[in-house]
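Enquirer: Please find one structure pasted underneath; my questions will follow.
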Amino acid sequence: MNIIDQVTSQEEKYRKAAQTLLDIIWVIDAKTFNFLYISEESYFSIGYSPNELIGKNIQTILTEKSLIKLRGLFQKEKNNLLEKKLKNIKTEIEAIKKDKTKIWVEIAAKILEDSDGTLKIVGVSKDINIRKKAESDKKELLEELRNAIQEKDKLASHIKKLENMLPICSGCRRIRNEKDNTWWPFEQYIEEKSKSKFTHTICPDCKNIFYPRNKS
């Protein structure tokens with residue numbers, strides 16, 4: 001019995017569970033990376049029927065980055081097979097559905113030698129898009145919290161600087177620097193302590209007082 005027959009036989013045994021989980025069972029040629037077999041769950045997960053994918057290259061349903069990653073892993077395992085150091089392949093890749101939307105899938109695969117001596121890669125793919133979306137949302141939330149904390153710390157720092165501005169002269173409005181007991185012009189002190197810059201304009205009340213002829 002060849003590998004595809006074995007996979008088909010085992011798939012029937014686990015079909016009920018596979019249909020519930022929508023896991024995809026597949027076999028590809030280790031030399032060409034073309035699909036030799038793919039279970040019916042492919043239609044529900046990525047929108048392609050088995051007939052649409054059998055004979056097609058895996059690049060049909062993978063992003064370029066995921067294709068390069070997967071081919072590299074497969075090639076590494078082919079080399080391991082020659083050295084009899086086989087390991088199961090397990091990784092996460094991004095697949096492209098028939099409607100061109102992208103989903104994240106987790107794959108577990110193994111290279112096997114068929115009865116005719118050819119190498120086949122047998123694997124199972126699981127849709128993990130919901131999990132990846134949750135991880136992405138969590139990452140964004142943590143970044144927002146980190147930024148909020150940084151802004152809070154910055155605000156607290158400014159408040160602390162402002163608290164240290166007393167005493168202020170009631171006559172000339174200069175501020176005493178408590179470190180060296182010198183008196184600073186108000187604007188200069190603010191600029192020095194808060195790293196802020198002043199721009200000058202005039203409010204409506206002062207305009208009426210100092211420039212009464214320019215009333216609009």
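By order in the structure tokens, chains are A, B, ...; within a chain, residues start at 1; ligands start at 1, following the order shown.
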So that I can see what lies close to region 122-124 of chain A, please list as a PyMOL selection string the residues with an atom at most 9 Å from it, counting only C-alpha atoms and leaving out residues fewer than 5 positions away in the same chain.
Expert: chain A and resi 3-4+7+23-28+89+106-112
Enquirer: Just the helix (DSSP H, G or I) stuff from region 63-167 of chain A, please, per backbone DSSP, written as a PyMOL selection string.
Expert: chain A and resi 64-82+129-163
Enquirer: So that I can check the surroundings of Asp99 (chain A), please list as a ChimeraX atom specification every protein, DNA and RNA residue that reaches within 9 Å of it, counting only C-alpha atoms and ignoring chain neighbours fewer than 3 positions away.
Expert: /A:46-47,96,102
Enquirer: Taking C-alpha atoms for each residue, export the selection above as a PDB file, in the first residue's frame.
Expert:
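Wrote it out as part-v5.pdb, contents follow:
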```
ATOM      1  CA  ILE A  46      -9.386  27.913   2.040  1.00  0.00           C
ATOM      2  CA  GLY A  47     -12.182  27.753  -0.539  1.00  0.00           C
ATOM      3  CA  ILE A  96      -4.030  32.624   0.523  1.00  0.00           C
ATOM      4  CA  LYS A 102      -5.107  35.568   3.840  1.00  0.00           C
TER       5      LYS A 102
END
```
Enquirer: Residues of region 20-149 of chain A in strand (DSSP E) according to DSSP, as a ChimeraX atom specification?
Expert: /A:24-29,35-38,89-96,102-113,119-127
Enquirer: With N, CA and C atoms kept, could you save the residues just selected as a JSON list (two decimals), in the first residue's frame?
Expert:
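Dumped to part01.json:
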```
[["chain", "number", "residue", "atom", "x", "y", "z"],
["A", 24, "ILE", "N", -6.88, 20.18, 7.56],
["A", 24, "ILE", "CA", -6.68, 19.69, 6.20],
["A", 24, "ILE", "C", -5.53, 18.68, 6.20],
["A", 25, "ILE", "N", -5.80, 17.50, 5.66],
["A", 25, "ILE", "CA", -4.76, 16.47, 5.50],
["A", 25, "ILE", "C", -4.29, 16.53, 4.06],
["A", 26, "TRP", "N", -2.97, 16.49, 3.85],
["A", 26, "TRP", "CA", -2.45, 16.62, 2.49],
["A", 26, "TRP", "C", -1.16, 15.82, 2.30],
["A", 27, "VAL", "N", -0.89, 15.52, 1.02],
["A", 27, "VAL", "CA", 0.36, 14.85, 0.62],
["A", 27, "VAL", "C", 0.91, 15.61, -0.57],
["A", 28, "ILE", "N", 2.19, 15.97, -0.53],
["A", 28, "ILE", "CA", 2.81, 16.63, -1.68],
["A", 28, "ILE", "C", 4.07, 15.89, -2.09],
["A", 29, "ASP", "N", 4.43, 16.03, -3.35],
["A", 29, "ASP", "CA", 5.67, 15.45, -3.88],
["A", 29, "ASP", "C", 6.85, 16.24, -3.32],
["A", 35, "PHE", "N", 0.77, 19.19, -5.09],
["A", 35, "PHE", "CA", -0.17, 18.41, -4.29],
["A", 35, "PHE", "C", -0.49, 17.08, -4.98],
["A", 36, "LEU", "N", -0.38, 15.99, -4.23],
["A", 36, "LEU", "CA", -0.77, 14.68, -4.73],
["A", 36, "LEU", "C", -2.11, 14.27, -4.13],
["A", 37, "TYR", "N", -2.39, 14.80, -2.99],
["A", 37, "TYR", "CA", -3.65, 14.50, -2.30],
["A", 37, "TYR", "C", -3.96, 15.64, -1.34],
["A", 38, "ILE", "N", -5.24, 15.96, -1.18],
["A", 38, "ILE", "CA", -5.67, 16.93, -0.17],
["A", 38, "ILE", "C", -7.11, 16.60, 0.22],
["A", 89, "ILE", "N", 8.15, 18.32, 11.06],
["A", 89, "ILE", "CA", 8.12, 19.75, 10.74],
["A", 89, "ILE", "C", 6.88, 20.36, 11.38],
["A", 90, "LYS", "N", 7.08, 21.43, 12.12],
["A", 90, "LYS", "CA", 5.95, 22.15, 12.71],
["A", 90, "LYS", "C", 6.23, 23.63, 12.63],
["A", 91, "THR", "N", 5.34, 24.37, 11.98],
["A", 91, "THR", "CA", 5.56, 25.81, 11.82],
["A", 91, "THR", "C", 4.24, 26.51, 11.52],
["A", 92, "GLU", "N", 4.27, 27.82, 11.50],
["A", 92, "GLU", "CA", 3.10, 28.64, 11.17],
["A", 92, "GLU", "C", 3.39, 29.41, 9.90],
["A", 93, "ILE", "N", 2.44, 29.38, 8.97],
["A", 93, "ILE", "CA", 2.61, 30.07, 7.69],
["A", 93, "ILE", "C", 1.32, 30.81, 7.34],
["A", 94, "GLU", "N", 1.44, 31.69, 6.35],
["A", 94, "GLU", "CA", 0.28, 32.46, 5.90],
["A", 94, "GLU", "C", -0.18, 31.92, 4.55],
["A", 95, "ALA", "N", -1.44, 31.50, 4.50],
["A", 95, "ALA", "CA", -2.01, 30.94, 3.27],
["A", 95, "ALA", "C", -2.94, 31.95, 2.61],
["A", 96, "ILE", "N", -3.13, 31.75, 1.29],
["A", 96, "ILE", "CA", -4.03, 32.62, 0.52],
["A", 96, "ILE", "C", -5.26, 31.82, 0.11],
["A", 102, "LYS", "N", -6.20, 36.35, 3.25],
["A", 102, "LYS", "CA", -5.11, 35.57, 3.84],
["A", 102, "LYS", "C", -5.50, 35.05, 5.22],
["A", 103, "ILE", "N", -5.03, 33.85, 5.52],
["A", 103, "ILE", "CA", -5.26, 33.27, 6.85],
["A", 103, "ILE", "C", -3.97, 32.62, 7.34],
["A", 104, "TRP", "N", -3.84, 32.57, 8.65],
["A", 104, "TRP", "CA", -2.69, 31.90, 9.26],
["A", 104, "TRP", "C", -3.05, 30.44, 9.53],
["A", 105, "VAL", "N", -2.12, 29.55, 9.19],
["A", 105, "VAL", "CA", -2.33, 28.13, 9.45],
["A", 105, "VAL", "C", -1.10, 27.55, 10.14],
["A", 106, "GLU", "N", -1.34, 26.57, 10.97],
["A", 106, "GLU", "CA", -0.25, 25.83, 11.61],
["A", 106, "GLU", "C", -0.14, 24.49, 10.91],
["A", 107, "ILE", "N", 1.06, 24.12, 10.51],
["A", 107, "ILE", "CA", 1.21, 22.84, 9.83],
["A", 107, "ILE", "C", 2.13, 21.92, 10.63],
["A", 108, "ALA", "N", 1.82, 20.63, 10.56],
["A", 108, "ALA", "CA", 2.68, 19.58, 11.11],
["A", 108, "ALA", "C", 2.88, 18.58, 9.99],
["A", 109, "ALA", "N", 4.13, 18.29, 9.65],
["A", 109, "ALA", "CA", 4.39, 17.44, 8.48],
["A", 109, "ALA", "C", 5.61, 16.55, 8.71],
["A", 110, "LYS", "N", 5.73, 15.55, 7.85],
["A", 110, "LYS", "CA", 6.85, 14.62, 7.93],
["A", 110, "LYS", "C", 7.16, 14.09, 6.53],
["A", 111, "ILE", "N", 8.43, 13.91, 6.23],
["A", 111, "ILE", "CA", 8.84, 13.35, 4.94],
["A", 111, "ILE", "C", 8.91, 11.83, 5.07],
["A", 112, "LEU", "N", 8.29, 11.15, 4.12],
["A", 112, "LEU", "CA", 8.28, 9.68, 4.11],
["A", 112, "LEU", "C", 8.72, 9.16, 2.74],
["A", 113, "GLU", "N", 9.32, 7.99, 2.76],
["A", 113, "GLU", "CA", 9.71, 7.35, 1.49],
["A", 113, "GLU", "C", 8.62, 6.38, 1.09],
["A", 119, "LEU", "N", 9.96, 10.33, -2.56],
["A", 119, "LEU", "CA", 9.72, 10.99, -1.27],
["A", 119, "LEU", "C", 8.42, 11.78, -1.30],
["A", 120, "LYS", "N", 7.65, 11.62, -0.28],
["A", 120, "LYS", "CA", 6.40, 12.35, -0.14],
["A", 120, "LYS", "C", 6.41, 13.10, 1.19],
["A", 121, "ILE", "N", 5.74, 14.24, 1.21],
["A", 121, "ILE", "CA", 5.58, 15.00, 2.45],
["A", 121, "ILE", "C", 4.13, 14.91, 2.87],
["A", 122, "VAL", "N", 3.89, 14.33, 4.03],
["A", 122, "VAL", "CA", 2.53, 14.16, 4.54],
["A", 122, "VAL", "C", 2.32, 15.14, 5.69],
["A", 123, "GLY", "N", 1.22, 15.87, 5.63],
["A", 123, "GLY", "CA", 1.02, 16.87, 6.68],
["A", 123, "GLY", "C", -0.43, 17.17, 6.99],
["A", 124, "VAL", "N", -0.61, 17.94, 8.06],
["A", 124, "VAL", "CA", -1.93, 18.40, 8.49],
["A", 124, "VAL", "C", -1.85, 19.90, 8.72],
["A", 125, "SER", "N", -2.84, 20.63, 8.22],
["A", 125, "SER", "CA", -2.88, 22.09, 8.41],
["A", 125, "SER", "C", -4.09, 22.46, 9.26],
["A", 126, "LYS", "N", -3.88, 23.38, 10.19],
["A", 126, "LYS", "CA", -4.96, 23.83, 11.07],
["A", 126, "LYS", "C", -5.08, 25.36, 10.98],
["A", 127, "ASP", "N", -6.31, 25.82, 10.82],
["A", 127, "ASP", "CA", -6.59, 27.26, 10.78],
["A", 127, "ASP", "C", -6.38, 27.87, 12.17]]
```
Enquirer: Can you list, as a list of chain:residue names, every protein, DNA or RNA residue that comes within 10 Å of Trp183 (chain A) when you count only C-alpha atoms, leaving out same-chain residues fewer than 4 positions away?
Expert: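 Once the adjacent positions are removed, what remains is A:Pro167, A:Ile168, A:Cys169, A:Arg173, A:Arg174, A:Ile175, A:Arg176, A:Asn177, A:Glu178, A:Tyr189.
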Enquirer: Suppose we keep C-alpha atoms; can you now write the selection as a CSV table (one decimal), in the first residue's frame?
Expert:
```
chain,number,residue,atom,x,y,z
A,167,PRO,CA,8.7,81.2,44.9
A,168,ILE,CA,7.8,83.8,42.4
A,169,CYS,CA,8.3,87.6,42.9
A,173,ARG,CA,7.2,88.0,38.3
A,174,ARG,CA,10.7,86.6,38.3
A,175,ILE,CA,11.2,83.1,39.8
A,176,ARG,CA,13.8,82.2,42.3
A,177,ASN,CA,16.0,79.2,41.5
A,178,GLU,CA,16.3,77.4,44.8
A,189,TYR,CA,12.9,79.7,33.7
```
Enquirer: Could you tell me how far CA of Lys97 (chain A) sits from CA of Leu62 (chain A), in Å to one decimal place?
Expert: 8.7 Å
Enquirer: Let me make sure I understand: among A:Phe186, A:Leu53, A:Lys87, A:Ser42, which one has the smallest atom-to-atom distance to Gly171 (chain A) if we use only C-alpha atoms?
Expert: A:Phe186
Enquirer: Can you tell me how far CA of Lys98 (chain A) sits from CA of Tyr48 (chain A), in Å to one decimal?
Expert: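 CA of Tyr48 (chain A) lies at a distance of 6.1 Å from CA of Lys98 (chain A).
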